[in-house]
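Peer 1: Right, I'll just put the structure down here and ask away after.
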Amino acid sequence: MLNKTPLAQLHETMGGKMVDFGGWWMPVNYGSQIEEHNAVRTDAGMFDVSHMTVVDVHGEQAQAFLRYLLANDVAKLTEQGKALYTGMLNDEGGVIDDLIVYLMPLGYRLVVNCATREKDLAWINLQAQKFTVEVTERPELAMIAVQGPNARKKVCEVLADDADTLNKLDVFYGAALSGARSEWFAARTGYTGEDGFEIIVPATDVNTFWQQLADHGVAPCGLGSRDTLRLEAGMNLYGHEMNDETSPLVANMGWTISWEPTDRVFIGRSVIAAEKAAGIKQKLVGLVMRSRGVLRDGYEVVVPGTDERGVITSGTFSPTLGVSIAIARVPTGSVSSAEVIIRGKRVAVEVVKPCFVRKGKALI
Amino acid sequence: MSEVRAELKYLESHEWARVETDGTVTVGISDHAQAALGDVVFVELPEVGSDVTAGSEAGVVESVKAASDVYSPISGEVIAVNEALEDAPETINSSPYDDGWFYKVRPTELEELDNALDAEAYQEATE
């Protein structure tokens with residue numbers, strides 16, 4: 001039995017090519033993944049991300065609970081609507097999930113991945129037993145990401161009553177909307193390397209909103225282009241760059257760990273602190289292949305100066321750059337070139353920082 | 001609904017073969033295959049003058065999504081490849097049965113195609 005978002009029927013009506021995506025019936029594209037990708041880089045596109053899970057954490061000890069549950073420190077959130085990106089670690093220091101947490105009037109709001117929903121909720125509820133908190137999943141809320149250089153302008157046209165609020169939102173801040181839309185929550189966040197919003201909308205309103213955005217020239221985009229866009233932006237995807245067995249320290253998530261204050265106890269801390277002290281053995285890098293072909297997940301990476309092999313965690317063809325790019329986990333150390341084994345052949349690749357495109361501009 | 005063409009022979013691995021009036025055989029991938037792969041970004045074609053074998057790999061087609069081996073429906077010598085695909089691999093998406101052909105073979109045994117599926121059987125196999 002496949003899960004469906006409230007938009008599933010509309011996706012099919014609008015020509016979405018539907019696939020089973022981690023148990024959800026989702027559009028992978030609406031005809032051409034590359035055209036959708038380019039729409040986001042040059043204009044505006046929208047994604048149904050209602051399969052992601054919204055969890056509200058309220059109660060007296062909400063802050064204390066999340067300071068224990070998450071590797072980043074929610075005490076940094078001092079302004080309403082401010083967002084924080086963090087890993088949620090297990091006792092072994094592996095990443096259960098990566099998520100965004102917002103400071104809300106009544107507590108905190110977490111937005112977690114779809115593929116990890118059940119284990120996330122089980123873990124959060126288990127840990128919550130030791131605290132006076134209420135953990136509430138919000139399945140009645142849908143979510144649309146509108147991304148691209150013209151995304152904000154087009155969203156403001158549709159949500160004209162709240163245009164002022166939306167225009168004033170800084171990057172990585174969210175705000176509730178007004179009037180009949182008081183249950184709506186718009187955040188200036190995204191997963192594409194472009195400006196835009198991720199907007200949490202009651203399921204009952206989401207079809208109208210999607211249609212209005214389409215009428216304002218926002219291109220419906222499938223999850224295929226969402227992946228090529230995030231990879232160009234060098235953003236991690238759970239299950240690829242990290243998983244339950246991967247430390248955040250080898251997933252370029254070191255910046256999301258709050259080591260200060262040193263007396264804050266959070267799950268996984270002692271394990272990753274020991275790992276850090278011993279020296280981090282691996283890191284994520286970007287790979288660029290100028291020759292023809294496509295780098296794929298799982299391909300081996302031969303790094304000069306070491307017998308230890310690396311591995312591609314995410315690879316694709318970059319529509320913006322016209323070459324293949326990848327994120328790879330390799331032994332720590334500085335190299336500018338490597339080789340990837342493609343169907344038995346060694347092919348030269350450049351090693352770069354794992355961020356290839358931002359705001360429509362090539363960084364390599 | 002994917003298009004199938006009555007004059008073509010198909011493999012279950014989604015390649016098609018067309019016998020031309022001069023007895024050569026043109027090979028490509030089906031409309032169903034191009035739709036399943038999504039945007040094609042790269043193809044690896046056999047070399048002109050090389051031999052291909054029915055049922056064996058003759059090339060690779062890569063889309064944004066996946067890499068897929070291309071199996072030859074027929075044995076013989078490759079007499080032409082569609083070089084236009086190097087610069088415009090998306091032609092495979094827009095015209096899988098015409099401009100998006102892969103290579104042409106001078107077959108050693110045309111009867112090999114008797115083992116391939118006709119359009120109707122292929123249609124059923126992909127439903």
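The way I read the labels, and the way they are meant: chains A, B, ... in the order of the structure tokens, residue 1 as the first residue of every chain, and ligand 1 as the first ligand shown, with later ones counted on from there.
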So that each row is one residue of range 21-85 of chain A with an atom at most 12 Å from range 233-252 of chain A, can you give its shortest atom pair and the distance in Å to one decimal, using only C-alpha atoms, rows by chain and rising number, as a Markdown table?

Peer 2:
| residue | atom | partner | partner_atom | distance |
| --- | --- | --- | --- | --- |
| A:Gly22 | CA | A:Gly239 | CA | 11.4 |
| A:Arg41 | CA | A:Ala233 | CA | 10.9 |
| A:Leu70 | CA | A:Pro248 | CA | 11.8 |
| A:Ala71 | CA | A:Pro248 | CA | 9.3 |
| A:Asn72 | CA | A:Pro248 | CA | 11.1 |
| A:Tyr85 | CA | A:Asn236 | CA | 11.7 |

Peer 1: Convert the current residue selection to file output with C-alpha atoms, as a PDB file, in the first residue's frame.

Peer 2:
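And here's again16.pdb as it stands now:
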ATOM      1  CA  GLY A  22      10.343   5.140  -0.387  1.00  0.00           C
ATOM      2  CA  ARG A  41      18.166  27.518 -11.665  1.00  0.00           C
ATOM      3  CA  LEU A  70      20.104  16.800  18.810  1.00  0.00           C
ATOM      4  CA  ALA A  71      23.804  17.361  18.079  1.00  0.00           C
ATOM      5  CA  ASN A  72      23.302  21.041  17.288  1.00  0.00           C
ATOM      6  CA  TYR A  85      20.053  22.362  10.759  1.00  0.00           C
TER       7      TYR A  85
END

Peer 1: Restrict the distance test to only C-alpha atoms, flag each residue of chain B within 9 Å of chain A, and return the flagged residues as a PyMOL selection string.

Peer 2: chain B and resi 35+38-39+41-44+62-67

Peer 1: Go ahead and write the selection's residues with C-alpha atoms as a PDB file, in the first residue's frame.

Peer 2:
ATOM      1  CA  ALA B  35      10.674   6.953 -21.008  1.00  0.00           C
ATOM      2  CA  GLY B  38      14.388   9.703 -18.431  1.00  0.00           C
ATOM      3  CA  ASP B  39      16.678  12.364 -19.898  1.00  0.00           C
ATOM      4  CA  VAL B  41      22.828  12.447 -21.260  1.00  0.00           C
ATOM      5  CA  PHE B  42      25.413  10.096 -22.704  1.00  0.00           C
ATOM      6  CA  VAL B  43      25.766   7.085 -24.973  1.00  0.00           C
ATOM      7  CA  GLU B  44      28.660   4.742 -25.554  1.00  0.00           C
ATOM      8  CA  GLU B  62      23.199   6.760 -19.452  1.00  0.00           C
ATOM      9  CA  SER B  63      20.411   9.001 -18.298  1.00  0.00           C
ATOM     10  CA  VAL B  64      20.444  11.420 -15.397  1.00  0.00           C
ATOM     11  CA  LYS B  65      18.915   8.576 -13.420  1.00  0.00           C
ATOM     12  CA  ALA B  66      20.732   5.421 -14.419  1.00  0.00           C
ATOM     13  CA  ALA B  67      23.228   3.622 -16.626  1.00  0.00           C
TER      14      ALA B  67
END

Peer 1: Could you give me the residues within range 142-176 of chain A that DSSP places in alpha helix (DSSP H), as a PDB file with N, CA, C and O atoms, in the first residue's frame?

Peer 2:
ATOM      1  N   ALA A 151      11.441  32.728  -7.298  1.00  0.00           N
ATOM      2  CA  ALA A 151      10.496  32.015  -6.423  1.00  0.00           C
ATOM      3  C   ALA A 151       9.823  32.961  -5.425  1.00  0.00           C
ATOM      4  O   ALA A 151       8.607  32.932  -5.246  1.00  0.00           O
ATOM      5  N   ARG A 152      10.615  33.804  -4.788  1.00  0.00           N
ATOM      6  CA  ARG A 152      10.038  34.668  -3.744  1.00  0.00           C
ATOM      7  C   ARG A 152       9.016  35.621  -4.348  1.00  0.00           C
ATOM      8  O   ARG A 152       7.946  35.850  -3.788  1.00  0.00           O
ATOM      9  N   LYS A 153       9.365  36.206  -5.484  1.00  0.00           N
ATOM     10  CA  LYS A 153       8.455  37.146  -6.139  1.00  0.00           C
ATOM     11  C   LYS A 153       7.122  36.462  -6.463  1.00  0.00           C
ATOM     12  O   LYS A 153       6.045  36.999  -6.186  1.00  0.00           O
ATOM     13  N   LYS A 154       7.192  35.252  -6.993  1.00  0.00           N
ATOM     14  CA  LYS A 154       5.969  34.563  -7.400  1.00  0.00           C
ATOM     15  C   LYS A 154       5.144  34.106  -6.197  1.00  0.00           C
ATOM     16  O   LYS A 154       3.918  34.158  -6.236  1.00  0.00           O
ATOM     17  N   VAL A 155       5.814  33.681  -5.150  1.00  0.00           N
ATOM     18  CA  VAL A 155       5.068  33.303  -3.941  1.00  0.00           C
ATOM     19  C   VAL A 155       4.369  34.542  -3.370  1.00  0.00           C
ATOM     20  O   VAL A 155       3.207  34.476  -2.953  1.00  0.00           O
ATOM     21  N   CYS A 156       5.050  35.665  -3.371  1.00  0.00           N
ATOM     22  CA  CYS A 156       4.453  36.902  -2.844  1.00  0.00           C
ATOM     23  C   CYS A 156       3.256  37.359  -3.681  1.00  0.00           C
ATOM     24  O   CYS A 156       2.317  37.957  -3.149  1.00  0.00           O
ATOM     25  N   GLU A 157       3.287  37.071  -4.977  1.00  0.00           N
ATOM     26  CA  GLU A 157       2.120  37.392  -5.815  1.00  0.00           C
ATOM     27  C   GLU A 157       0.912  36.562  -5.388  1.00  0.00           C
ATOM     28  O   GLU A 157      -0.198  37.066  -5.277  1.00  0.00           O
ATOM     29  N   VAL A 158       1.169  35.281  -5.121  1.00  0.00           N
ATOM     30  CA  VAL A 158       0.055  34.388  -4.746  1.00  0.00           C
ATOM     31  C   VAL A 158      -0.427  34.696  -3.324  1.00  0.00           C
ATOM     32  O   VAL A 158      -1.629  34.723  -3.058  1.00  0.00           O
ATOM     33  N   ALA A 163       2.672  39.302   1.780  1.00  0.00           N
ATOM     34  CA  ALA A 163       3.883  39.622   1.016  1.00  0.00           C
ATOM     35  C   ALA A 163       4.912  40.359   1.882  1.00  0.00           C
ATOM     36  O   ALA A 163       6.119  40.127   1.765  1.00  0.00           O
ATOM     37  N   ASP A 164       4.419  41.228   2.743  1.00  0.00           N
ATOM     38  CA  ASP A 164       5.317  41.994   3.608  1.00  0.00           C
ATOM     39  C   ASP A 164       6.141  41.079   4.510  1.00  0.00           C
ATOM     40  O   ASP A 164       7.368  41.191   4.582  1.00  0.00           O
ATOM     41  N   THR A 165       5.435  40.190   5.184  1.00  0.00           N
ATOM     42  CA  THR A 165       6.099  39.218   6.062  1.00  0.00           C
ATOM     43  C   THR A 165       7.102  38.391   5.278  1.00  0.00           C
ATOM     44  O   THR A 165       8.242  38.187   5.702  1.00  0.00           O
ATOM     45  N   LEU A 166       6.666  37.906   4.110  1.00  0.00           N
ATOM     46  CA  LEU A 166       7.507  37.021   3.314  1.00  0.00           C
ATOM     47  C   LEU A 166       8.749  37.750   2.798  1.00  0.00           C
ATOM     48  O   LEU A 166       9.846  37.207   2.795  1.00  0.00           O
ATOM     49  N   ASN A 167       8.569  38.984   2.371  1.00  0.00           N
ATOM     50  CA  ASN A 167       9.701  39.756   1.848  1.00  0.00           C
ATOM     51  C   ASN A 167      10.740  40.060   2.915  1.00  0.00           C
ATOM     52  O   ASN A 167      11.913  40.228   2.616  1.00  0.00           O
ATOM     53  N   LYS A 168      10.284  40.147   4.164  1.00  0.00           N
ATOM     54  CA  LYS A 168      11.209  40.503   5.244  1.00  0.00           C
ATOM     55  C   LYS A 168      11.939  39.301   5.830  1.00  0.00           C
ATOM     56  O   LYS A 168      12.858  39.467   6.629  1.00  0.00           O
TER      57      LYS A 168
END

Peer 1: Show me, as a PyMOL selection string, the residues that have an atom within 10 Å of Gly179 in chain A when counting only C-alpha atoms, minus same-chain residues fewer than 4 positions from it.

Peer 2: chain A and resi 161-162+183-184

Peer 1: Grab the residues selected above and save them as a PDB file, in the first residue's frame with all heavy atoms.

Peer 2:
ATOM      1  N   ASP A 161      -1.460  38.945   0.651  1.00  0.00           N
ATOM      2  CA  ASP A 161      -1.764  39.480   1.987  1.00  0.00           C
ATOM      3  C   ASP A 161      -0.561  39.390   2.930  1.00  0.00           C
ATOM      4  O   ASP A 161      -0.451  40.157   3.886  1.00  0.00           O
ATOM      5  CB  ASP A 161      -2.913  38.687   2.645  1.00  0.00           C
ATOM      6  CG  ASP A 161      -4.215  38.876   1.885  1.00  0.00           C
ATOM      7  OD1 ASP A 161      -4.246  39.754   1.002  1.00  0.00           O
ATOM      8  OD2 ASP A 161      -5.175  38.134   2.180  1.00  0.00           O
ATOM      9  N   ASP A 162       0.305  38.410   2.668  1.00  0.00           N
ATOM     10  CA  ASP A 162       1.446  38.198   3.543  1.00  0.00           C
ATOM     11  C   ASP A 162       2.765  38.587   2.887  1.00  0.00           C
ATOM     12  O   ASP A 162       3.838  38.228   3.378  1.00  0.00           O
ATOM     13  CB  ASP A 162       1.505  36.721   3.969  1.00  0.00           C
ATOM     14  CG  ASP A 162       0.368  36.374   4.919  1.00  0.00           C
ATOM     15  OD1 ASP A 162       0.407  36.859   6.053  1.00  0.00           O
ATOM     16  OD2 ASP A 162      -0.560  35.645   4.493  1.00  0.00           O
ATOM     17  N   GLU A 183      -2.509  28.834  10.053  1.00  0.00           N
ATOM     18  CA  GLU A 183      -1.879  27.515  10.206  1.00  0.00           C
ATOM     19  C   GLU A 183      -0.716  27.323   9.228  1.00  0.00           C
ATOM     20  O   GLU A 183      -0.003  26.324   9.283  1.00  0.00           O
ATOM     21  CB  GLU A 183      -2.913  26.398   9.988  1.00  0.00           C
ATOM     22  CG  GLU A 183      -3.859  26.178  11.151  1.00  0.00           C
ATOM     23  CD  GLU A 183      -3.121  25.673  12.389  1.00  0.00           C
ATOM     24  OE1 GLU A 183      -2.407  24.665  12.267  1.00  0.00           O
ATOM     25  OE2 GLU A 183      -3.250  26.309  13.451  1.00  0.00           O
ATOM     26  N   TRP A 184      -0.579  28.242   8.293  1.00  0.00           N
ATOM     27  CA  TRP A 184       0.503  28.145   7.302  1.00  0.00           C
ATOM     28  C   TRP A 184       1.803  28.609   7.941  1.00  0.00           C
ATOM     29  O   TRP A 184       1.815  29.481   8.807  1.00  0.00           O
ATOM     30  CB  TRP A 184       0.234  29.028   6.090  1.00  0.00           C
ATOM     31  CG  TRP A 184      -0.934  28.629   5.243  1.00  0.00           C
ATOM     32  CD1 TRP A 184      -2.165  28.209   5.668  1.00  0.00           C
ATOM     33  CD2 TRP A 184      -0.989  28.648   3.815  1.00  0.00           C
ATOM     34  NE1 TRP A 184      -2.981  27.967   4.596  1.00  0.00           N
ATOM     35  CE2 TRP A 184      -2.290  28.224   3.449  1.00  0.00           C
ATOM     36  CE3 TRP A 184      -0.074  28.977   2.811  1.00  0.00           C
ATOM     37  CZ2 TRP A 184      -2.682  28.130   2.111  1.00  0.00           C
ATOM     38  CZ3 TRP A 184      -0.468  28.892   1.488  1.00  0.00           C
ATOM     39  CH2 TRP A 184      -1.757  28.458   1.143  1.00  0.00           C
TER      40      TRP A 184
END

Peer 1: Quick one: residues within 8 Å of Pro149 in chain A, only C-alpha atoms, excluding same-chain residues fewer than 5 positions away - as an MDAnalysis selection string?

Peer 2: chainID A and resid 40:44 194:196 359

Peer 1: Pick out the residues sitting within 10 Å of range 95-109 of chain B, and hand them over as a ChimeraX atom specification; count only C-alpha atoms, and ignore anything fewer than 6 positions along from it in its own chain.

Peer 2: /B:3-5,8,15-20,22-35,43-54,58-59,61,70,72,74-85,88-89

Peer 1: Got time to write the residues from that selection, C-alpha atoms, as a PDB file, in the first residue's frame?

Peer 2:
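Listed below is the output, selection_22.pdb:
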ATOM      1  CA  GLU B   3       4.695   3.589 -28.780  1.00  0.00           C
ATOM      2  CA  VAL B   4       5.601   0.315 -30.466  1.00  0.00           C
ATOM      3  CA  ARG B   5       6.095  -0.077 -34.205  1.00  0.00           C
ATOM      4  CA  LEU B   8      10.301  -3.613 -35.647  1.00  0.00           C
ATOM      5  CA  GLU B  15      16.268  -2.727 -27.824  1.00  0.00           C
ATOM      6  CA  TRP B  16      14.659  -2.674 -31.271  1.00  0.00           C
ATOM      7  CA  ALA B  17      15.939  -3.877 -34.633  1.00  0.00           C
ATOM      8  CA  ARG B  18      14.759  -2.819 -38.078  1.00  0.00           C
ATOM      9  CA  VAL B  19      15.663  -4.711 -41.247  1.00  0.00           C
ATOM     10  CA  GLU B  20      16.380  -2.154 -43.966  1.00  0.00           C
ATOM     11  CA  ASP B  22      19.442  -3.256 -48.304  1.00  0.00           C
ATOM     12  CA  GLY B  23      19.530  -6.095 -45.762  1.00  0.00           C
ATOM     13  CA  THR B  24      21.347  -4.167 -43.054  1.00  0.00           C
ATOM     14  CA  VAL B  25      19.841  -3.918 -39.564  1.00  0.00           C
ATOM     15  CA  THR B  26      19.422  -0.703 -37.572  1.00  0.00           C
ATOM     16  CA  VAL B  27      19.375  -0.904 -33.763  1.00  0.00           C
ATOM     17  CA  GLY B  28      18.043   1.452 -31.112  1.00  0.00           C
ATOM     18  CA  ILE B  29      16.147   1.450 -27.813  1.00  0.00           C
ATOM     19  CA  SER B  30      12.378   1.483 -27.466  1.00  0.00           C
ATOM     20  CA  ASP B  31      10.078   4.332 -26.577  1.00  0.00           C
ATOM     21  CA  HIS B  32       9.278   2.466 -23.358  1.00  0.00           C
ATOM     22  CA  ALA B  33      13.006   2.297 -22.510  1.00  0.00           C
ATOM     23  CA  GLN B  34      13.673   5.988 -23.139  1.00  0.00           C
ATOM     24  CA  ALA B  35      10.674   6.953 -21.008  1.00  0.00           C
ATOM     25  CA  VAL B  43      25.766   7.085 -24.973  1.00  0.00           C
ATOM     26  CA  GLU B  44      28.660   4.742 -25.554  1.00  0.00           C
ATOM     27  CA  LEU B  45      28.359   3.256 -29.027  1.00  0.00           C
ATOM     28  CA  PRO B  46      30.277   0.349 -30.555  1.00  0.00           C
ATOM     29  CA  GLU B  47      33.071   1.191 -32.995  1.00  0.00           C
ATOM     30  CA  VAL B  48      32.492   1.050 -36.705  1.00  0.00           C
ATOM     31  CA  GLY B  49      34.158  -2.106 -37.985  1.00  0.00           C
ATOM     32  CA  SER B  50      33.771  -3.975 -34.710  1.00  0.00           C
ATOM     33  CA  ASP B  51      31.654  -7.087 -34.356  1.00  0.00           C
ATOM     34  CA  VAL B  52      28.614  -7.290 -32.123  1.00  0.00           C
ATOM     35  CA  THR B  53      26.948 -10.489 -30.938  1.00  0.00           C
ATOM     36  CA  ALA B  54      23.247 -11.098 -30.462  1.00  0.00           C
ATOM     37  CA  ALA B  58      27.089  -3.469 -27.553  1.00  0.00           C
ATOM     38  CA  GLY B  59      26.979  -0.134 -25.750  1.00  0.00           C
ATOM     39  CA  VAL B  61      23.085   4.464 -22.456  1.00  0.00           C
ATOM     40  CA  VAL B  70      22.501  -1.937 -24.586  1.00  0.00           C
ATOM     41  CA  SER B  72      22.550  -6.245 -29.539  1.00  0.00           C
ATOM     42  CA  ILE B  74      21.695  -9.240 -33.913  1.00  0.00           C
ATOM     43  CA  SER B  75      25.237 -10.423 -34.652  1.00  0.00           C
ATOM     44  CA  GLY B  76      27.390  -8.878 -37.331  1.00  0.00           C
ATOM     45  CA  GLU B  77      29.763  -6.083 -38.261  1.00  0.00           C
ATOM     46  CA  VAL B  78      28.966  -2.546 -37.212  1.00  0.00           C
ATOM     47  CA  ILE B  79      28.888  -0.478 -40.407  1.00  0.00           C
ATOM     48  CA  ALA B  80      27.681   2.846 -38.993  1.00  0.00           C
ATOM     49  CA  VAL B  81      27.004   4.506 -35.660  1.00  0.00           C
ATOM     50  CA  ASN B  82      24.816   7.519 -35.003  1.00  0.00           C
ATOM     51  CA  GLU B  83      27.508  10.073 -34.225  1.00  0.00           C
ATOM     52  CA  ALA B  84      24.905  12.808 -33.808  1.00  0.00           C
ATOM     53  CA  LEU B  85      24.029  11.226 -30.455  1.00  0.00           C
ATOM     54  CA  ALA B  88      22.618  15.436 -28.841  1.00  0.00           C
ATOM     55  CA  PRO B  89      21.921  12.335 -26.731  1.00  0.00           C
TER      56      PRO B  89
END
